[in-house]
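Student: Handing you this structure, nothing more for now.
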Amino acid sequence: SIAVTPNDEVLVSGSYRGDIDLGNTTAMTSGHSGVTTYVSRRDSMGGFIWQRSYGEARADDPNTASRTYVAELATDSDGNAIITGKFDDKVNFGTGLLTAPAYNNAPSYNIFVAKIATNGNGLWAKNWGNELGSQEGTAVAVEANSNNIFIGGLARLTPTYPSFALESGVSLTTVGTDKCHPFVVKLTAGGDHLYNHLIDTRYCSSVSYTHLRAH
């Protein structure tokens with residue numbers, strides 16, 4: 001994914017295995033066999049500013065790691081980066097470890113949302129999901145006047161796992177159906193919940209960046 005900040009700097013995000021060279025003198029090395037997410041910042045002429053990678057080795061096997069996939073990136077009026085996607089096991093965006101619950105002792109995917117400052121430091125991060133694990137963030141957009149954040153995604157909910165928490169007392173909940181539901185969550189610039197909407201569809205679908213816009 002790619003986004004241009006208000007001062008014409010460029011933010012790029014993606015996922016990789018092993019090593020990746022983004023044109024800086026130092027290639028990023030994950031050091032494990034998992035999938036790692038990166039964010040890189042360039043000036044308007046493509047000159048390197050900084051890069052960050054996000055991936056954690058598993059506690060039970062340091063030679064393997066969690067899988068962290070970034071799906072979409074946006075920027076706010078201050079030039080901060082907001083990313084969303086999915087991860088299993090654990091990941092740290094510089095604000096503390098996020099942990100996804102396991103399903104039958106196997107890794108399962110949770111949604112992540114993270115905000116990264118203009119200097120590359122993590123501002124906040126959170127994860128949503130349940131043990132079923134088929135959850136992912138697929139789109140992000142930012143309101144220009146308030147920097148409020150919209151996250152779109154996919155939630156697999158069943159009669160056994162009918163919901164998952166967005167924060168204390170707030171959940172995405174379905175009514176007894178085994179479906180993949182598209183959803184939209186609105187957050188403040190600081191990551192606090194404002195509202196959420198779960199969309200009931202006949203077939204499994206998600207929210208794409210093409211369809212998620214903020215003004």
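The way I read the labels, and the way they are meant: chains A, B, ... in the order of the structure tokens, residue 1 as the first residue of every chain, and ligand 1 as the first ligand shown, with later ones counted on from there.
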Could you pull the residues within 12 Å of region 51-53 of chain A, counting only C-alpha atoms, minus those fewer than 3 positions along the same chain, as a PyMOL selection string?

Tutor: chain A and resi 10-31+35-42+47-48+56+68-70+81+91-94+116-122

Student: Keeping N, CA and C atoms for every residue in the selection just given, could you write it to a file as a compact mmCIF listing (two decimals), in the first residue's frame?

Tutor:
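Below you can see out-v5.txt, which holds the result:
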```
# COMPACT_ATOMS: atom_id res chain seq x y z
N VAL A 10 6.14 10.22 1.21
CA VAL A 10 5.49 9.00 0.74
C VAL A 10 5.62 7.90 1.80
N LEU A 11 4.51 7.29 2.13
CA LEU A 11 4.48 6.14 3.04
C LEU A 11 4.18 4.88 2.24
N VAL A 12 4.96 3.84 2.47
CA VAL A 12 4.79 2.57 1.77
C VAL A 12 4.73 1.46 2.82
N SER A 13 3.81 0.53 2.64
CA SER A 13 3.72 -0.61 3.56
C SER A 13 3.55 -1.90 2.78
N GLY A 14 3.94 -3.01 3.40
CA GLY A 14 3.81 -4.32 2.78
C GLY A 14 4.21 -5.40 3.76
N SER A 15 4.32 -6.61 3.27
CA SER A 15 4.71 -7.76 4.10
C SER A 15 5.77 -8.57 3.36
N TYR A 16 6.64 -9.24 4.12
CA TYR A 16 7.73 -9.98 3.50
C TYR A 16 8.15 -11.15 4.38
N ARG A 17 8.88 -12.09 3.78
CA ARG A 17 9.54 -13.18 4.49
C ARG A 17 11.05 -13.01 4.35
N GLY A 18 11.79 -13.36 5.38
CA GLY A 18 13.25 -13.34 5.29
C GLY A 18 13.82 -11.95 5.31
N ASP A 19 14.33 -11.48 4.16
CA ASP A 19 14.96 -10.17 4.05
C ASP A 19 14.24 -9.33 3.01
N ILE A 20 14.37 -8.00 3.18
CA ILE A 20 13.86 -7.08 2.17
C ILE A 20 14.76 -5.85 2.14
N ASP A 21 15.08 -5.38 0.96
CA ASP A 21 15.92 -4.20 0.77
C ASP A 21 15.07 -3.11 0.14
N LEU A 22 14.81 -2.04 0.89
CA LEU A 22 13.98 -0.94 0.42
C LEU A 22 14.81 0.21 -0.13
N GLY A 23 16.09 -0.05 -0.40
CA GLY A 23 16.94 0.98 -0.97
C GLY A 23 17.76 1.74 0.04
N ASN A 24 17.57 1.41 1.33
CA ASN A 24 18.42 2.00 2.37
C ASN A 24 19.71 1.19 2.45
N THR A 25 20.70 1.69 3.19
CA THR A 25 21.96 0.96 3.33
C THR A 25 21.80 -0.30 4.16
N THR A 26 20.72 -0.38 4.95
CA THR A 26 20.51 -1.53 5.82
C THR A 26 19.24 -2.26 5.40
N ALA A 27 19.39 -3.51 4.94
CA ALA A 27 18.23 -4.32 4.61
C ALA A 27 17.56 -4.78 5.90
N MET A 28 16.25 -4.95 5.86
CA MET A 28 15.52 -5.46 7.01
C MET A 28 15.53 -6.98 6.97
N THR A 29 15.85 -7.60 8.10
CA THR A 29 15.91 -9.05 8.22
C THR A 29 14.99 -9.48 9.34
N SER A 30 14.07 -10.38 9.02
CA SER A 30 13.12 -10.82 10.05
C SER A 30 13.78 -11.76 11.05
N GLY A 31 14.74 -12.59 10.60
CA GLY A 31 15.41 -13.52 11.50
C GLY A 31 14.59 -14.74 11.84
N VAL A 35 5.95 -14.18 8.58
CA VAL A 35 5.67 -13.07 7.67
C VAL A 35 5.70 -11.78 8.48
N THR A 36 6.48 -10.82 8.02
CA THR A 36 6.70 -9.58 8.74
C THR A 36 6.13 -8.41 7.94
N THR A 37 5.56 -7.45 8.65
CA THR A 37 5.03 -6.24 8.02
C THR A 37 6.05 -5.12 8.12
N TYR A 38 6.12 -4.26 7.10
CA TYR A 38 7.01 -3.11 7.16
C TYR A 38 6.25 -1.83 6.80
N VAL A 39 6.75 -0.70 7.30
CA VAL A 39 6.33 0.63 6.88
C VAL A 39 7.58 1.44 6.61
N SER A 40 7.61 2.13 5.48
CA SER A 40 8.77 2.94 5.10
C SER A 40 8.30 4.35 4.74
N ARG A 41 9.12 5.33 5.09
CA ARG A 41 8.80 6.72 4.78
C ARG A 41 9.89 7.32 3.89
N ARG A 42 9.48 8.02 2.82
CA ARG A 42 10.39 8.65 1.87
C ARG A 42 10.02 10.12 1.70
N GLY A 47 13.84 10.00 -1.41
CA GLY A 47 14.93 9.82 -0.47
C GLY A 47 14.47 9.16 0.82
N PHE A 48 15.32 8.28 1.36
CA PHE A 48 14.99 7.51 2.55
C PHE A 48 14.87 8.41 3.78
N GLU A 56 7.13 -10.97 15.27
CA GLU A 56 7.62 -11.54 16.52
C GLU A 56 7.87 -13.04 16.36
N THR A 68 2.20 -11.62 10.02
CA THR A 68 1.59 -10.30 10.10
C THR A 68 1.46 -9.73 8.70
N TYR A 69 0.23 -9.56 8.24
CA TYR A 69 -0.03 -9.07 6.89
C TYR A 69 -0.71 -7.70 6.97
N VAL A 70 -0.10 -6.70 6.37
CA VAL A 70 -0.74 -5.39 6.28
C VAL A 70 -1.59 -5.35 5.01
N ALA A 81 0.95 7.68 10.03
CA ALA A 81 0.51 6.53 9.26
C ALA A 81 -0.46 5.69 10.09
N VAL A 91 2.24 -9.62 17.88
CA VAL A 91 2.95 -8.60 17.14
C VAL A 91 3.07 -7.37 18.03
N ASN A 92 4.11 -6.58 17.82
CA ASN A 92 4.34 -5.37 18.60
C ASN A 92 4.64 -4.22 17.64
N PHE A 93 3.80 -3.20 17.67
CA PHE A 93 4.00 -2.02 16.84
C PHE A 93 4.68 -0.87 17.60
N GLY A 94 5.41 -1.25 18.65
CA GLY A 94 6.14 -0.27 19.43
C GLY A 94 5.37 0.30 20.59
N ILE A 116 1.19 5.18 13.57
CA ILE A 116 2.63 5.37 13.65
C ILE A 116 2.94 6.84 13.38
N ALA A 117 3.73 7.44 14.26
CA ALA A 117 4.03 8.87 14.18
C ALA A 117 4.95 9.18 13.01
N THR A 118 5.10 10.48 12.73
CA THR A 118 5.93 10.92 11.61
C THR A 118 7.40 10.54 11.79
N ASN A 119 7.84 10.29 13.03
CA ASN A 119 9.23 9.88 13.27
C ASN A 119 9.40 8.37 13.29
N GLY A 120 8.32 7.62 13.05
CA GLY A 120 8.39 6.16 13.01
C GLY A 120 8.06 5.47 14.31
N ASN A 121 7.83 6.23 15.37
CA ASN A 121 7.48 5.62 16.65
C ASN A 121 6.00 5.26 16.69
N GLY A 122 5.68 4.15 17.36
CA GLY A 122 4.28 3.76 17.51
C GLY A 122 3.55 4.70 18.45
```

Student: In chain A, what's strand (DSSP E or B) per DSSP? Answer as JSON, numbers by chain?

Tutor: {"A": [2, 3, 4, 10, 11, 12, 13, 14, 15, 16, 19, 20, 28, 29, 35, 36, 37, 38, 39, 40, 41, 42, 48, 49, 50, 51, 52, 53, 54, 57, 65, 67, 68, 69, 70, 71, 72, 73, 74, 75, 81, 82, 83, 84, 85, 86, 87, 88, 90, 91, 92, 97, 98, 99, 103, 106, 109, 110, 111, 112, 113, 114, 115, 116, 122, 123, 124, 125, 126, 127, 128, 134, 135, 136, 137, 138, 139, 140, 141, 142, 149, 150, 151, 152, 153, 154, 155, 156, 157, 163, 164, 165, 166, 167, 170, 171, 172, 173, 179, 180, 181, 182, 183, 184, 185, 186, 187, 193, 194, 195, 196, 197, 198]}

Student: Please provide the set of residues having any atom within 10 Å of Lys186 (chain A), restricted to only C-alpha atoms, with same-chain residues fewer than 3 positions apart removed, written as a tab-separated table (two decimals) with all heavy atoms, in the first residue's frame.

Tutor:
```tsv
chain	number	residue	atom	x	y	z
A	140	VAL	N	-8.74	1.19	5.34
A	140	VAL	CA	-8.64	2.27	6.32
A	140	VAL	C	-8.80	3.59	5.58
A	140	VAL	O	-8.31	3.76	4.46
A	140	VAL	CB	-7.31	2.20	7.11
A	140	VAL	CG1	-6.11	2.24	6.19
A	140	VAL	CG2	-7.22	3.32	8.15
A	141	ALA	N	-9.49	4.54	6.21
A	141	ALA	CA	-9.65	5.89	5.68
A	141	ALA	C	-9.68	6.85	6.86
A	141	ALA	O	-10.04	6.47	7.98
A	141	ALA	CB	-10.91	6.01	4.84
A	142	VAL	N	-9.30	8.11	6.62
A	142	VAL	CA	-9.18	9.11	7.67
A	142	VAL	C	-9.97	10.35	7.28
A	142	VAL	O	-9.87	10.84	6.15
A	142	VAL	CB	-7.71	9.48	7.92
A	142	VAL	CG1	-7.60	10.51	9.05
A	142	VAL	CG2	-6.88	8.24	8.26
A	148	ASN	N	-10.43	11.47	12.55
A	148	ASN	CA	-11.09	10.22	12.94
A	148	ASN	C	-10.79	9.15	11.90
A	148	ASN	O	-10.58	9.45	10.72
A	148	ASN	CB	-12.60	10.43	13.05
A	148	ASN	CG	-13.00	11.27	14.24
A	148	ASN	OD1	-12.29	11.30	15.26
A	148	ASN	ND2	-14.12	11.97	14.12
A	149	ILE	N	-10.79	7.91	12.32
A	149	ILE	CA	-10.33	6.79	11.51
A	149	ILE	C	-11.47	5.80	11.26
A	149	ILE	O	-12.20	5.43	12.19
A	149	ILE	CB	-9.16	6.07	12.20
A	149	ILE	CG1	-7.99	7.04	12.40
A	149	ILE	CG2	-8.73	4.83	11.43
A	149	ILE	CD1	-6.97	6.56	13.41
A	150	PHE	N	-11.62	5.37	10.01
A	150	PHE	CA	-12.57	4.32	9.65
A	150	PHE	C	-11.78	3.06	9.28
A	150	PHE	O	-10.87	3.13	8.46
A	150	PHE	CB	-13.43	4.74	8.46
A	150	PHE	CG	-14.39	5.85	8.76
A	150	PHE	CD1	-13.99	7.17	8.63
A	150	PHE	CD2	-15.68	5.57	9.16
A	150	PHE	CE1	-14.88	8.20	8.90
A	150	PHE	CE2	-16.58	6.59	9.43
A	150	PHE	CZ	-16.16	7.92	9.31
A	151	ILE	N	-12.16	1.95	9.88
A	151	ILE	CA	-11.57	0.65	9.57
A	151	ILE	C	-12.65	-0.25	8.99
A	151	ILE	O	-13.72	-0.42	9.57
A	151	ILE	CB	-10.97	-0.02	10.82
A	151	ILE	CG1	-9.89	0.86	11.45
A	151	ILE	CG2	-10.41	-1.41	10.48
A	151	ILE	CD1	-8.68	1.08	10.57
A	152	GLY	N	-12.38	-0.81	7.82
A	152	GLY	CA	-13.27	-1.80	7.23
A	152	GLY	C	-12.61	-3.17	7.25
A	152	GLY	O	-11.38	-3.28	7.27
A	189	ALA	N	-9.06	9.92	16.60
A	189	ALA	CA	-7.64	9.98	16.24
A	189	ALA	C	-6.78	9.27	17.27
A	189	ALA	O	-5.69	8.78	16.97
A	189	ALA	CB	-7.20	11.42	16.07
A	191	GLY	N	-7.71	6.52	18.81
A	191	GLY	CA	-8.00	5.09	18.82
A	191	GLY	C	-9.21	4.67	19.63
A	191	GLY	O	-9.48	3.48	19.76
A	192	ASP	N	-9.96	5.64	20.18
A	192	ASP	CA	-11.14	5.29	20.96
A	192	ASP	C	-12.33	5.00	20.05
A	192	ASP	O	-12.50	5.65	19.01
A	192	ASP	CB	-11.50	6.43	21.93
A	192	ASP	CG	-10.42	6.66	22.96
A	192	ASP	OD1	-9.81	5.67	23.42
A	192	ASP	OD2	-10.17	7.84	23.31
A	193	HIS	N	-13.18	4.07	20.46
A	193	HIS	CA	-14.32	3.65	19.66
A	193	HIS	C	-15.38	4.74	19.60
A	193	HIS	O	-15.74	5.35	20.61
A	193	HIS	CB	-14.92	2.37	20.27
A	193	HIS	CG	-16.16	1.90	19.59
A	193	HIS	ND1	-17.41	2.30	19.97
A	193	HIS	CD2	-16.34	1.05	18.54
A	193	HIS	CE1	-18.31	1.72	19.20
A	193	HIS	NE2	-17.69	0.95	18.33
A	194	LEU	N	-15.90	5.00	18.39
A	194	LEU	CA	-17.02	5.92	18.20
A	194	LEU	C	-18.28	5.16	17.79
A	194	LEU	O	-19.34	5.36	18.38
A	194	LEU	CB	-16.67	6.97	17.14
A	194	LEU	CG	-15.63	8.01	17.56
A	194	LEU	CD1	-15.25	8.89	16.39
A	194	LEU	CD2	-16.15	8.86	18.71
A	195	TYR	N	-18.20	4.32	16.77
A	195	TYR	CA	-19.33	3.47	16.42
A	195	TYR	C	-18.85	2.31	15.56
A	195	TYR	O	-17.72	2.31	15.05
A	195	TYR	CB	-20.45	4.24	15.73
A	195	TYR	CG	-20.23	4.60	14.28
A	195	TYR	CD1	-20.29	3.64	13.26
A	195	TYR	CD2	-20.02	5.92	13.90
A	195	TYR	CE1	-20.11	3.97	11.94
A	195	TYR	CE2	-19.84	6.26	12.57
A	195	TYR	CZ	-19.90	5.28	11.60
A	195	TYR	OH	-19.72	5.61	10.28
A	196	ASN	N	-19.73	1.32	15.39
A	196	ASN	CA	-19.42	0.19	14.51
A	196	ASN	C	-20.69	-0.27	13.83
A	196	ASN	O	-21.80	-0.05	14.33
A	196	ASN	CB	-18.78	-0.96	15.28
A	196	ASN	CG	-19.64	-1.48	16.41
A	196	ASN	OD1	-19.49	-1.04	17.54
A	196	ASN	ND2	-20.54	-2.40	16.14
A	197	HIS	N	-20.51	-0.90	12.68
A	197	HIS	CA	-21.65	-1.40	11.91
A	197	HIS	C	-21.26	-2.71	11.26
A	197	HIS	O	-20.29	-2.79	10.51
A	197	HIS	CB	-22.06	-0.39	10.85
A	197	HIS	CG	-23.24	-0.83	10.03
A	197	HIS	ND1	-24.46	-1.18	10.60
A	197	HIS	CD2	-23.40	-0.97	8.68
A	197	HIS	CE1	-25.30	-1.52	9.64
A	197	HIS	NE2	-24.70	-1.42	8.49
```

Student: Any idea what the distance is between CA of Gly96 (chain A) and CA of Lys126 (chain A)?

Tutor: 9.4 Å

Student: Excluding Lys86 (chain A) and any residue of its chain fewer than 2 positions from it, enumerate the residues within 10 Å of it, using only C-alpha atoms, and give them as a compact mmCIF listing (two decimals) with N, CA, C and O atoms, in the first residue's frame.

Tutor:
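Result file around_9.txt:
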```
# COMPACT_ATOMS: atom_id res chain seq x y z
N ARG A 67 2.61 -14.50 11.76
CA ARG A 67 2.41 -13.99 10.41
C ARG A 67 1.62 -12.69 10.51
O ARG A 67 0.52 -12.67 11.06
N THR A 68 2.20 -11.62 10.02
CA THR A 68 1.59 -10.30 10.10
C THR A 68 1.46 -9.73 8.70
O THR A 68 2.47 -9.48 8.04
N TYR A 69 0.23 -9.56 8.24
CA TYR A 69 -0.03 -9.07 6.89
C TYR A 69 -0.71 -7.70 6.97
O TYR A 69 -1.77 -7.57 7.59
N VAL A 70 -0.10 -6.70 6.37
CA VAL A 70 -0.74 -5.39 6.28
C VAL A 70 -1.59 -5.35 5.01
O VAL A 70 -1.14 -5.76 3.94
N ALA A 71 -2.82 -4.89 5.14
CA ALA A 71 -3.73 -4.83 3.99
C ALA A 71 -3.84 -3.43 3.42
O ALA A 71 -3.97 -3.26 2.21
N THR A 84 -3.76 -1.24 8.84
CA THR A 84 -4.61 -2.32 9.32
C THR A 84 -4.32 -3.58 8.52
O THR A 84 -3.80 -3.53 7.41
N ASP A 88 -1.39 -13.45 13.36
CA ASP A 88 -1.63 -14.53 14.29
C ASP A 88 -0.55 -14.52 15.38
O ASP A 88 0.49 -13.89 15.24
N ALA A 100 -3.06 -12.65 19.69
CA ALA A 100 -4.27 -13.25 19.13
C ALA A 100 -4.51 -14.60 19.80
O ALA A 100 -3.57 -15.39 19.96
N SER A 108 -4.55 -18.43 15.15
CA SER A 108 -5.72 -17.88 14.47
C SER A 108 -5.51 -16.39 14.26
O SER A 108 -4.78 -15.74 14.99
N TYR A 109 -6.16 -15.86 13.23
CA TYR A 109 -5.92 -14.47 12.84
C TYR A 109 -6.82 -13.50 13.60
O TYR A 109 -8.02 -13.74 13.76
N ASN A 110 -6.24 -12.40 14.03
CA ASN A 110 -6.94 -11.25 14.57
C ASN A 110 -6.70 -10.04 13.68
O ASN A 110 -5.74 -10.00 12.89
N ILE A 111 -7.56 -9.05 13.81
CA ILE A 111 -7.40 -7.77 13.13
C ILE A 111 -6.44 -6.90 13.95
O ILE A 111 -6.49 -6.90 15.18
N PHE A 112 -5.57 -6.16 13.28
CA PHE A 112 -4.80 -5.14 13.97
C PHE A 112 -5.05 -3.78 13.35
O PHE A 112 -5.34 -3.66 12.15
N VAL A 113 -4.96 -2.76 14.18
CA VAL A 113 -4.96 -1.36 13.75
C VAL A 113 -3.84 -0.69 14.51
O VAL A 113 -3.73 -0.84 15.73
N ASN A 127 -5.93 -4.75 18.77
CA ASN A 127 -6.38 -5.90 17.98
C ASN A 127 -7.78 -6.30 18.37
O ASN A 127 -8.22 -6.11 19.52
N TRP A 128 -8.50 -6.85 17.38
CA TRP A 128 -9.86 -7.33 17.56
C TRP A 128 -9.96 -8.73 16.99
O TRP A 128 -9.34 -9.05 15.99
N GLY A 129 -10.77 -9.58 17.62
CA GLY A 129 -10.99 -10.91 17.08
C GLY A 129 -11.38 -11.89 18.17
O GLY A 129 -11.41 -11.56 19.35
N GLY A 133 -10.75 -16.98 14.49
CA GLY A 133 -9.55 -16.59 13.77
C GLY A 133 -9.68 -16.11 12.35
O GLY A 133 -8.69 -15.74 11.75
N SER A 134 -10.88 -16.10 11.77
CA SER A 134 -11.01 -15.64 10.38
C SER A 134 -11.40 -14.16 10.36
O SER A 134 -12.43 -13.78 9.81
N GLN A 135 -10.59 -13.32 10.99
CA GLN A 135 -10.88 -11.90 11.07
C GLN A 135 -9.73 -11.13 10.43
O GLN A 135 -8.56 -11.48 10.60
N GLU A 136 -10.05 -10.07 9.71
CA GLU A 136 -8.99 -9.27 9.12
C GLU A 136 -9.47 -7.85 8.83
O GLU A 136 -10.63 -7.63 8.48
N GLY A 137 -8.56 -6.90 9.00
CA GLY A 137 -8.79 -5.54 8.55
C GLY A 137 -8.39 -5.43 7.10
O GLY A 137 -7.32 -5.92 6.71
N THR A 138 -9.24 -4.82 6.28
CA THR A 138 -8.99 -4.77 4.84
C THR A 138 -8.94 -3.35 4.28
O THR A 138 -8.49 -3.16 3.14
N GLY A 153 -13.43 -4.20 7.28
CA GLY A 153 -12.83 -5.53 7.33
C GLY A 153 -13.82 -6.65 7.18
O GLY A 153 -14.96 -6.46 6.74
```

Student: Measuring atom to atom with only C-alpha atoms, identify which of A:Leu187, A:Pro101, A:Pro107, A:Asn147 is nearest to Phe164 (chain A).

Tutor: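 For Phe164 (chain A), the nearest of the given residues is A:Pro101.
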
Student: I'd like to know which of A:Ala144, A:Val185, A:Ala74, A:Leu97 is closest to Lys115 (chain A), using only C-alpha atoms.

Tutor: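 Checking each candidate against Lys115 (chain A), we get A:Ala74 as the closest.
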